[in-house]
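One file, start.cif, is given below (mmCIF, C-alpha atoms).
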data_data
#
loop_
_atom_site.label_atom_id
_atom_site.label_comp_id
_atom_site.auth_asym_id
_atom_site.auth_seq_id
_atom_site.Cartn_x
_atom_site.Cartn_y
_atom_site.Cartn_z
CA MET A 10 0.00 0.00 0.00
CA ASP A 11 2.82 2.40 0.83
CA ARG A 12 4.42 1.69 -2.52
CA TRP A 13 1.22 2.44 -4.41
CA ASN A 14 0.43 5.61 -2.40
CA THR A 15 3.95 6.93 -2.95
CA PHE A 16 3.54 6.41 -6.67
CA CYS A 17 -0.02 7.71 -6.97
CA ASN A 18 0.54 10.82 -4.82
CA ALA A 19 3.53 11.94 -6.87
CA VAL A 20 2.91 15.22 -8.66
CA TYR A 21 4.08 13.91 -12.01
CA CYS A 22 1.52 11.05 -11.91
CA THR A 23 -1.61 13.05 -11.09
CA GLU A 24 -2.62 13.54 -14.72
CA TYR A 25 -2.47 9.78 -15.32
CA ASP A 26 -4.66 8.68 -12.40
CA GLU A 27 -7.73 8.08 -14.58
CA ASP A 28 -5.69 6.19 -17.17
CA ILE A 29 -4.14 3.99 -14.48
CA LEU A 30 -7.55 3.13 -13.04
CA GLN A 31 -8.98 2.40 -16.46
CA THR A 32 -6.07 0.11 -17.29
CA LEU A 33 -6.50 -1.78 -14.02
CA LYS A 34 -10.21 -2.24 -14.70
CA GLU A 35 -9.39 -3.63 -18.13
CA CYS A 36 -6.88 -6.02 -16.56
CA GLU A 37 -9.41 -7.31 -14.03
CA GLU A 38 -11.54 -8.53 -16.91
CA ASN A 39 -8.88 -11.20 -17.49
CA ARG A 40 -9.49 -12.83 -14.12
CA GLU A 41 -10.67 -16.41 -14.27
CA THR A 42 -14.03 -17.28 -12.78
CA VAL A 43 -13.74 -19.40 -9.65
CA HIS A 44 -15.92 -22.51 -9.85
CA PHE A 45 -17.02 -24.11 -6.62
CA GLY A 46 -16.67 -27.79 -7.45
CA SER A 47 -13.45 -28.79 -5.71
CA PRO A 48 -13.84 -31.45 -3.00
CA LEU A 49 -11.11 -29.61 -1.08
CA LEU A 50 -13.23 -26.51 -0.53
CA ILE A 51 -13.91 -27.83 2.96
CA HIS A 52 -10.23 -27.11 3.67
CA ARG A 53 -10.18 -23.66 2.07
CA LYS A 54 -10.65 -21.69 5.28
CA ALA A 55 -7.66 -23.36 6.95
CA THR A 56 -5.53 -23.05 3.82
CA VAL A 57 -6.30 -19.34 3.43
CA GLY A 58 -5.51 -19.00 7.12
CA LEU A 59 -2.08 -20.51 6.48
CA ILE A 60 -1.36 -17.94 3.78
CA GLU A 61 -2.53 -15.11 6.03
CA LYS A 62 -0.44 -16.36 8.94
CA VAL A 63 2.74 -16.61 6.90
CA CYS A 64 2.14 -13.16 5.39
CA GLU A 65 1.60 -11.67 8.83
CA GLN A 66 4.74 -13.27 10.21
CA GLN A 67 6.81 -12.06 7.26
CA SER A 68 5.13 -8.62 7.09
CA TYR A 69 4.09 -9.10 3.48
CA ARG A 70 1.85 -6.59 1.75
CA ARG A 71 -1.90 -6.92 1.73
CA ALA A 72 -1.83 -7.21 -2.06
CA THR A 73 0.39 -10.28 -1.72
CA VAL A 74 -2.20 -12.05 0.43
CA HIS A 75 -5.04 -11.33 -1.97
CA LEU A 76 -3.12 -12.37 -5.07
CA ALA A 77 -1.99 -15.60 -3.40
CA VAL A 78 -5.56 -16.48 -2.39
CA TYR A 79 -6.85 -15.74 -5.90
CA LEU A 80 -4.22 -18.01 -7.43
CA LEU A 81 -5.05 -20.71 -4.90
CA ASP A 82 -8.80 -20.53 -5.62
CA VAL A 83 -8.29 -20.83 -9.36
CA VAL A 84 -5.85 -23.71 -9.04
CA MET A 85 -8.04 -25.57 -6.54
CA CYS A 86 -11.15 -25.27 -8.66
CA ASN A 87 -9.53 -26.30 -11.94
CA HIS A 88 -7.37 -29.22 -10.83
CA MET A 89 -7.74 -32.41 -8.86
CA ILE A 90 -5.34 -31.82 -5.96
CA ALA A 91 -4.34 -34.47 -3.47
CA GLU A 92 -5.33 -33.36 0.01
CA ARG A 93 -1.88 -34.08 1.40
CA THR A 94 -0.29 -31.53 -0.96
CA LEU A 95 -2.76 -28.69 -0.46
CA ASN A 96 -0.39 -26.73 1.79
CA LEU A 97 2.35 -27.13 -0.80
CA VAL A 98 0.06 -25.68 -3.45
CA ALA A 99 -0.95 -22.82 -1.13
CA LEU A 100 2.62 -21.77 -0.33
CA THR A 101 3.64 -22.08 -3.97
CA CYS A 102 0.84 -19.65 -4.83
CA LEU A 103 2.19 -17.38 -2.09
CA TYR A 104 5.67 -17.73 -3.57
CA LEU A 105 4.38 -16.54 -6.93
CA ALA A 106 2.42 -13.67 -5.36
CA CYS A 107 5.55 -12.51 -3.52
CA LYS A 108 7.44 -12.36 -6.80
CA ILE A 109 4.77 -10.02 -8.16
CA GLU A 110 3.98 -7.82 -5.15
CA GLU A 111 7.05 -7.82 -2.90
CA ASN A 112 10.47 -6.26 -3.27
CA GLU A 113 13.03 -8.85 -4.31
CA PRO A 114 14.81 -9.06 -0.90
CA ASN A 115 11.47 -10.02 0.70
CA VAL A 116 10.69 -12.89 -1.67
CA PRO A 117 11.07 -16.15 0.29
CA SER A 118 13.20 -18.98 -1.05
CA PRO A 119 11.67 -22.41 -1.69
CA THR A 120 13.89 -23.70 1.12
CA LYS A 121 12.36 -21.19 3.55
CA LEU A 122 8.83 -22.06 2.47
CA ASN A 123 9.59 -25.75 2.82
CA GLY A 124 10.80 -25.07 6.36
CA ILE A 125 7.38 -23.65 7.22
CA LEU A 126 5.94 -27.04 6.25
CA ALA A 127 8.51 -28.86 8.43
CA ASN A 128 10.56 -29.83 5.35
CA THR A 129 7.85 -32.20 4.21
CA TYR A 130 8.79 -31.62 0.57
CA THR A 131 11.87 -30.45 -1.26
CA PRO A 132 12.71 -27.05 -2.79
CA ALA A 133 12.53 -28.75 -6.18
CA ASP A 134 8.88 -29.59 -5.50
CA PHE A 135 8.09 -25.89 -5.09
CA ILE A 136 9.93 -24.97 -8.27
CA ALA A 137 8.28 -27.70 -10.33
CA LEU A 138 4.84 -26.74 -9.05
CA GLU A 139 5.60 -23.06 -9.69
CA VAL A 140 6.29 -23.80 -13.36
CA ALA A 141 3.14 -25.90 -13.62
CA ILE A 142 0.96 -23.13 -12.16
CA LEU A 143 2.55 -20.49 -14.37
CA THR A 144 1.98 -22.69 -17.39
CA TYR A 145 -1.70 -23.02 -16.50
CA PHE A 146 -2.02 -19.22 -16.22
CA LYS A 147 0.00 -18.82 -19.45
CA TRP A 148 2.59 -16.93 -17.41
CA HIS A 149 0.19 -14.05 -16.81
CA ILE A 150 -0.46 -13.54 -13.09
CA THR A 151 -0.06 -9.77 -12.82
CA ILE A 152 -3.80 -9.39 -12.29
CA PRO A 153 -5.16 -6.66 -9.98
CA THR A 154 -7.03 -7.70 -6.86
CA ALA A 155 -9.47 -5.85 -4.63
CA SER A 156 -6.48 -4.79 -2.55
CA THR A 157 -5.01 -3.03 -5.58
CA PHE A 158 -8.16 -0.98 -6.07
CA LEU A 159 -8.65 -0.28 -2.38
CA ASP A 160 -5.19 1.30 -2.27
CA ILE A 161 -6.56 3.82 -4.78
CA PHE A 162 -10.11 4.28 -3.51
CA ALA A 163 -9.13 4.64 0.16
CA GLN A 164 -7.44 7.93 -0.67
CA TYR A 165 -10.89 9.39 -1.35
CA CYS A 166 -12.74 7.76 1.54
CA PHE A 167 -13.09 10.99 3.58
CA ASP A 168 -12.13 14.62 3.26
CA GLN A 169 -12.88 18.09 4.64
CA GLU A 170 -16.02 18.39 2.53
CA ASP A 171 -17.44 15.25 4.19
CA TYR A 172 -16.54 16.65 7.59
CA ASP A 173 -18.18 20.00 6.92
CA GLY A 174 -21.38 18.25 5.83
CA MET A 175 -21.75 16.23 9.03
CA PRO A 176 -24.12 17.41 11.81
CA ARG A 177 -22.19 19.30 14.47
CA ASP A 178 -22.81 17.03 17.43
CA LEU A 179 -20.41 16.39 20.29
CA GLN A 180 -18.84 13.32 18.68
CA THR A 181 -18.13 15.16 15.45
CA GLU A 182 -16.68 18.15 17.27
CA GLN A 183 -14.30 15.93 19.23
CA THR A 184 -13.09 14.02 16.16
CA SER A 185 -10.76 15.48 13.55
CA VAL A 186 -10.78 14.89 9.81
CA GLN A 187 -7.65 12.81 10.18
CA GLN A 188 -9.23 10.62 12.86
CA PHE A 189 -12.32 10.00 10.72
CA THR A 190 -10.08 9.14 7.76
CA GLU A 191 -8.00 6.71 9.81
CA THR A 192 -11.11 5.02 11.22
CA ILE A 193 -12.70 4.56 7.80
CA THR A 194 -9.43 3.34 6.30
CA GLU A 195 -8.98 0.84 9.14
CA ASN A 196 -12.52 -0.45 8.66
CA CYS A 197 -11.89 -0.81 4.92
CA ASP A 198 -8.87 -2.99 5.70
CA ILE A 199 -10.84 -5.12 8.17
CA ILE A 200 -13.74 -5.63 5.78
CA LEU A 201 -11.50 -6.53 2.85
CA LYS A 202 -9.44 -8.93 4.96
CA ASN A 203 -12.56 -10.77 6.11
CA THR A 204 -13.84 -11.21 2.56
CA LEU A 205 -11.03 -13.71 1.96
CA GLN A 206 -12.81 -16.27 4.15
CA HIS A 207 -16.09 -16.02 2.21
CA LEU A 208 -16.52 -17.83 -1.09
CA LYS A 209 -19.39 -15.54 -2.00
CA PHE A 210 -16.97 -12.70 -2.73
CA CYS A 211 -14.60 -14.66 -4.99
CA ASN A 212 -16.22 -13.73 -8.29
CA ILE A 213 -17.06 -10.12 -7.56
CA LYS A 214 -15.07 -7.71 -9.68
CA PRO A 215 -12.15 -6.52 -7.54
CA SER A 216 -12.86 -2.85 -8.29
CA LEU A 217 -16.51 -3.29 -7.29
CA LEU A 218 -15.56 -5.14 -4.10
CA ALA A 219 -13.06 -2.44 -3.13
CA ALA A 220 -15.63 0.30 -3.73
CA GLY A 221 -18.13 -1.68 -1.65
CA CYS A 222 -15.61 -1.84 1.20
CA VAL A 223 -15.30 1.95 1.18
CA ALA A 224 -19.08 2.40 1.16
CA ALA A 225 -19.53 -0.12 4.00
CA ALA A 226 -16.82 1.53 6.07
CA ARG A 227 -18.47 4.95 5.60
CA LEU A 228 -21.86 3.52 6.56
CA ASN A 229 -20.28 2.38 9.81
CA VAL A 230 -19.78 6.03 10.80
CA ASN A 231 -22.66 8.00 12.29
CA ASN A 232 -24.17 10.78 10.16
CA LEU A 233 -22.02 10.01 7.13
CA PRO A 234 -23.56 9.07 3.77
CA ALA A 235 -22.21 5.93 2.15
CA TRP A 236 -21.40 7.60 -1.17
CA ASN A 237 -21.05 10.98 -2.83
CA ASP A 238 -20.14 12.55 -6.16
CA ARG A 239 -16.42 12.59 -5.35
CA LEU A 240 -16.41 8.82 -4.87
CA VAL A 241 -18.41 8.33 -8.06
CA ARG A 242 -15.71 10.19 -9.96
CA ALA A 243 -12.89 8.38 -8.15
CA THR A 244 -14.25 4.84 -8.57
CA GLY A 245 -16.51 5.03 -11.60
CA TYR A 246 -19.39 3.41 -9.65
CA GLU A 247 -22.76 4.83 -8.65
CA TYR A 248 -24.10 3.81 -5.24
CA THR A 249 -26.95 1.92 -6.91
CA GLN A 250 -24.29 -0.50 -8.19
CA LEU A 251 -22.84 -0.91 -4.70
CA GLN A 252 -25.79 -0.94 -2.32
CA SER A 253 -26.45 -4.66 -2.22
CA ILE A 254 -22.81 -5.69 -1.88
CA CYS A 255 -22.23 -2.88 0.62
CA LEU A 256 -24.92 -4.19 2.98
CA VAL A 257 -23.72 -7.77 2.65
CA LEU A 258 -20.21 -6.60 3.56
CA LEU A 259 -21.56 -4.82 6.62
CA PHE A 260 -23.30 -7.94 7.83
CA ASP A 261 -20.71 -10.58 6.91
CA ALA A 262 -17.30 -8.89 6.77
CA LEU A 263 -17.38 -6.46 9.68
CA PRO A 264 -17.73 -8.79 12.69
CA ARG A 265 -17.82 -6.22 15.45
CA PRO A 266 -20.39 -3.85 17.00
CA ARG A 267 -21.45 -1.19 14.56
CA SER A 268 -22.60 2.32 15.27
CA SER A 269 -26.27 3.11 14.93
CA THR A 270 -26.09 4.07 11.29
CA SER A 271 -29.43 4.28 9.53
CA LEU A 272 -29.75 1.40 7.08
CA SER A 273 -32.59 0.32 4.86
CA CYS A 274 -34.43 -2.88 5.72
CA THR A 275 -32.55 -5.07 3.30
CA PRO A 276 -32.33 -8.84 3.90
CA LYS A 277 -28.96 -10.13 5.02
CA HIS A 278 -28.46 -12.20 1.90
CA SER A 279 -29.96 -10.09 -0.83
CA THR A 280 -30.17 -11.01 -4.46
CA VAL A 281 -27.66 -8.95 -6.38
CA SER A 282 -27.81 -7.77 -9.96
CA ASP A 283 -25.31 -9.11 -12.47
CA ALA A 284 -23.26 -5.88 -12.52
CA GLY A 285 -20.02 -7.75 -12.16
CA TYR A 286 -20.70 -10.25 -9.42
CA LEU A 287 -22.70 -13.29 -8.35
CA SER A 288 -26.47 -13.23 -8.67
CA GLU A 289 -27.09 -14.95 -5.34
CA LEU A 290 -24.42 -14.40 -2.73
CA ASP A 291 -25.76 -16.94 -0.25
CA ASP A 292 -25.47 -19.79 -2.75
CA THR A 293 -21.70 -19.85 -2.39
CA ASP A 294 -21.20 -19.20 1.31
CA GLU A 295 -19.12 -21.60 3.35
CA ASP A 296 -22.23 -22.92 5.07
CA GLY A 297 -24.14 -23.37 1.81
CA ASP A 298 -24.60 -26.18 -0.66
CA VAL A 299 -21.12 -25.79 -2.05
CA TYR A 300 -19.68 -27.70 0.86
CA SER A 301 -22.32 -30.40 0.84
CA SER A 302 -21.50 -31.13 -2.79
CA GLY A 303 -17.82 -30.94 -1.93
CA ARG A 304 -18.22 -33.52 0.79
CA GLN A 305 -19.97 -35.88 -1.58
CA SER A 306 -17.08 -35.61 -3.99
CA SER A 307 -14.44 -35.82 -1.29
CA SER A 308 -15.63 -39.20 -0.07
CA SER A 309 -14.87 -40.85 -3.40
CA HIS A 310 -11.74 -38.75 -3.85
CA SER A 311 -10.32 -39.74 -0.45
CA GLU A 312 -10.61 -43.43 -1.34
CA ASN A 313 -8.02 -42.88 -4.05
CA SER A 314 -5.82 -40.43 -2.15
CA ASP A 315 -3.48 -43.16 -0.93
CA ASP A 316 -2.95 -44.31 -4.49
CA HIS A 317 -1.33 -40.97 -5.25
CA ALA A 318 0.73 -40.74 -2.08
CA THR A 319 3.95 -41.25 -4.01
CA SER A 320 3.07 -39.82 -7.37
CA SER A 321 1.44 -36.47 -8.05
CA PRO A 322 0.14 -33.62 -5.88
CA VAL A 323 -3.10 -33.88 -7.78
CA GLY A 324 -5.44 -36.71 -8.72
CA ASP A 325 -6.43 -38.04 -12.09
CA GLU A 326 -8.46 -35.98 -14.54
CA SER A 327 -12.17 -36.06 -13.82
CA ASN A 328 -15.20 -33.81 -14.23
CA GLY A 329 -13.29 -31.62 -16.66
CA ASN A 330 -10.50 -30.85 -14.18
CA LYS A 331 -6.89 -31.24 -15.22
CA ARG A 332 -3.97 -32.68 -13.39
CA LEU A 333 -1.60 -29.92 -12.36
CA MET A 334 1.45 -32.02 -13.19
CA ASP A 335 2.16 -35.44 -14.60
CA SER A 336 2.70 -38.29 -12.17
CA GLY A 337 6.30 -38.70 -11.17
CA THR A 338 6.94 -35.05 -10.46
CA PHE A 339 6.74 -35.67 -6.73
CA SER A 340 8.27 -39.13 -6.71
CA ASP A 341 11.38 -39.94 -4.75
CA ASP A 342 13.41 -40.22 -7.92
CA THR A 343 15.23 -36.87 -8.14
CA ALA A 344 16.49 -37.49 -11.66
CA GLU A 345 12.97 -38.18 -12.87
CA ARG A 346 11.69 -35.04 -11.21
CA CYS A 347 14.42 -32.90 -12.75
CA ALA A 348 13.75 -34.41 -16.15
CA LYS A 349 10.09 -33.49 -15.81
CA LYS A 350 11.03 -29.92 -14.88
CA ARG A 351 13.26 -29.63 -17.93
CA LYS A 352 10.48 -30.99 -20.12
CA MET A 353 8.03 -28.39 -18.82
CA LEU A 354 10.55 -25.60 -19.31
CA ASP A 355 11.28 -26.76 -22.88
CA GLN A 356 7.55 -26.55 -23.65
CA THR A 357 7.23 -23.07 -22.21
CA PRO A 358 6.49 -20.47 -24.93
CA ASN A 359 9.07 -17.73 -25.41
#
Kindly present the structure from the file in structure tokens form.
Amino acid sequence: MDRWNTFCNAVYCTEYDEDILQTLKECEENRETVHFGSPLLIHRKATVGLIEKVCEQQSYRRATVHLAVYLLDVVMCNHMIAERTLNLVALTCLYLACKIEENEPNVPSPTKLNGILANTYTPADFIALEVAILTYFKWHITIPTASTFLDIFAQYCFDQEDYDGMPRDLQTEQTSVQQFTETITENCDIILKNTLQHLKFCNIKPSLLAAGCVAAARLNVNNLPAWNDRLVRATGYEYTQLQSICLVLLFDALPRPRSSTSLSCTPKHSTVSDAGYLSELDDTDEDGDVYSSGRQSSSSHSENSDDHATSSPVGDESNGNKRLMDSGTFSDDTAERCAKKRKMLDQTPN
């Protein structure tokens, strides 16, 4: 976030702000849709928690966390992954995200990542899986996340004009513009962080989700409207496009007492229009049918998990899903593994 703010606040970049935002919105159109058919979705919460824990320990950027989780979701939902290798896949996605979002000295080595998993694998396993994931994404993983857009939108979350328009009660008089800005920014961070644990937010456009976080954080402040003309210009979204997702974020992604802000009587899980996100948010929640179907698939998948204990990190092709790597990549034969790596590299387009 500091890196982006330093860049965006520079005088020589001001005239390009609109072009930068437009380019990012065009890039977000290249995101893959996350399908909720993986039998390992029942482990997603713990796996995302692993990524978050490592990022917190290593002081990685928020954008790194969100990119890693996006890569993980796409890989999980498009490949048959052996349950025993899910943490390996998760940290490999984190490894790739670090290469995109972090400064080079902060990028962890495969040896360091393997140490986090108690040296269960080898550094070569991380490298081989890295190439396989990159090949699946056609080597294009510089895709903006909601964190990318929130870094931009949060700069416009509150200003002196907002402050002057608030009723002059005791609370307002005792709070400065800077304090209101810090509170709203902090709530934006909390809301966005909590969206990672909810499947319902996976397929929302990142720019729309980030704008919804700002609106929800503003609604959490007494006597402050959720949206205004300045935010429309800054984000490109009218509040009518954000209202449903904003209220869902307030209910599901801000798990703490809220101030008595006046809200409309909207159901907790409202049906949302197709302006860039899911039509029914509750259909893909962790407690919804997605897990029941996942459990049905996992029972048959677990019966074969032992058969792959010495072969591949993913199972055989089924239901349209592809194997992430050919069998043998994770065998004990180092020469065979290296040969497979060379083969994948030879097939990589220039």
Chain and number of each residue from the PyMOL selection byres ((chain A and resi 255) around 7), as a PyMOL selection string | chain A and resi 221-222+224-225+251-254+256-259
May I ask which of the residues A:Ile152, A:Val78, A:Leu159, A:Ala220 is the closest one to Cys102 of chain A, counting all atoms listed in the file?
-> A:Val78
Need the neighbours of (-18.1, 8.0, -1.9): which residues are at most 10 Å away, counting all atoms listed in the file, as a list in words?
-> Phe162, Ala163, Tyr165, Cys166, Phe167, Asp171, Ala220, Gly221, Val223, Ala224, Arg227, Pro234, Ala235, Trp236, Asn237, Asp238, Arg239, Leu240, Val241, Arg242, Ala243, Thr244, Tyr246, Glu247 and Tyr248 of chain A
Step by step, work through what the PyMOL selection byres ((chain A and resi 67) around 12) selects in the shown file, and finish by giving those residues as a ChimeraX atom specification.
-> /A:60-66,68-71,73-74,103,107,111,114-117,121-122,125
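As for atom CA of His149 of chain A and atom CA of Ile213 of chain A, they are spaced 20.0 Å apart.
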Between A:Ala133, A:Ser216, A:Val186, A:Asn232, which is the closest to Gln31 of chain A once you count only C-alpha atoms?
-> A:Ser216
Translate the PyMOL selection byres ((chain A and resi 82) around 10), as applied to the file shown, into an explicit residue set as a ChimeraX atom specification.
-> /A:41-45,47,50,53,57,76-81,83-87,99,102,208,211
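Taking atom CA of Asn123 of chain A and atom CA of Phe135 of chain A as endpoints, the distance between them is 8.1 Å.
Proximity ranking of A:Thr151, A:Thr204, A:Ser118, A:Thr249 relative to Leu218 of chain A places A:Thr204 first, based on all atoms listed in the file.
Coordinates place atom CA of Asn112 of chain A at a distance of 24.9 Å from atom CA of Glu35 of chain A.
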Would you list the residues near (-17.4, -10.5, 6.2), meaning any protein, DNA or RNA residue with an atom at most 8 Å from that point in file coordinates, counting only C-alpha atoms, as a PyMOL selection string?
-> chain A and resi 200-201+203-204+206-207+257-264
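Of the listed residues A:Leu30, A:Val98, A:Cys36, A:Leu228, the one whose atoms come nearest to Ala141 of chain A is A:Val98, with distances taken using all atoms listed in the file.
Closest approach to Gln164 of chain A among A:Ile150, A:Ala72, A:Cys197, A:Ala137 is made by A:Cys197 (distances from all atoms listed in the file).
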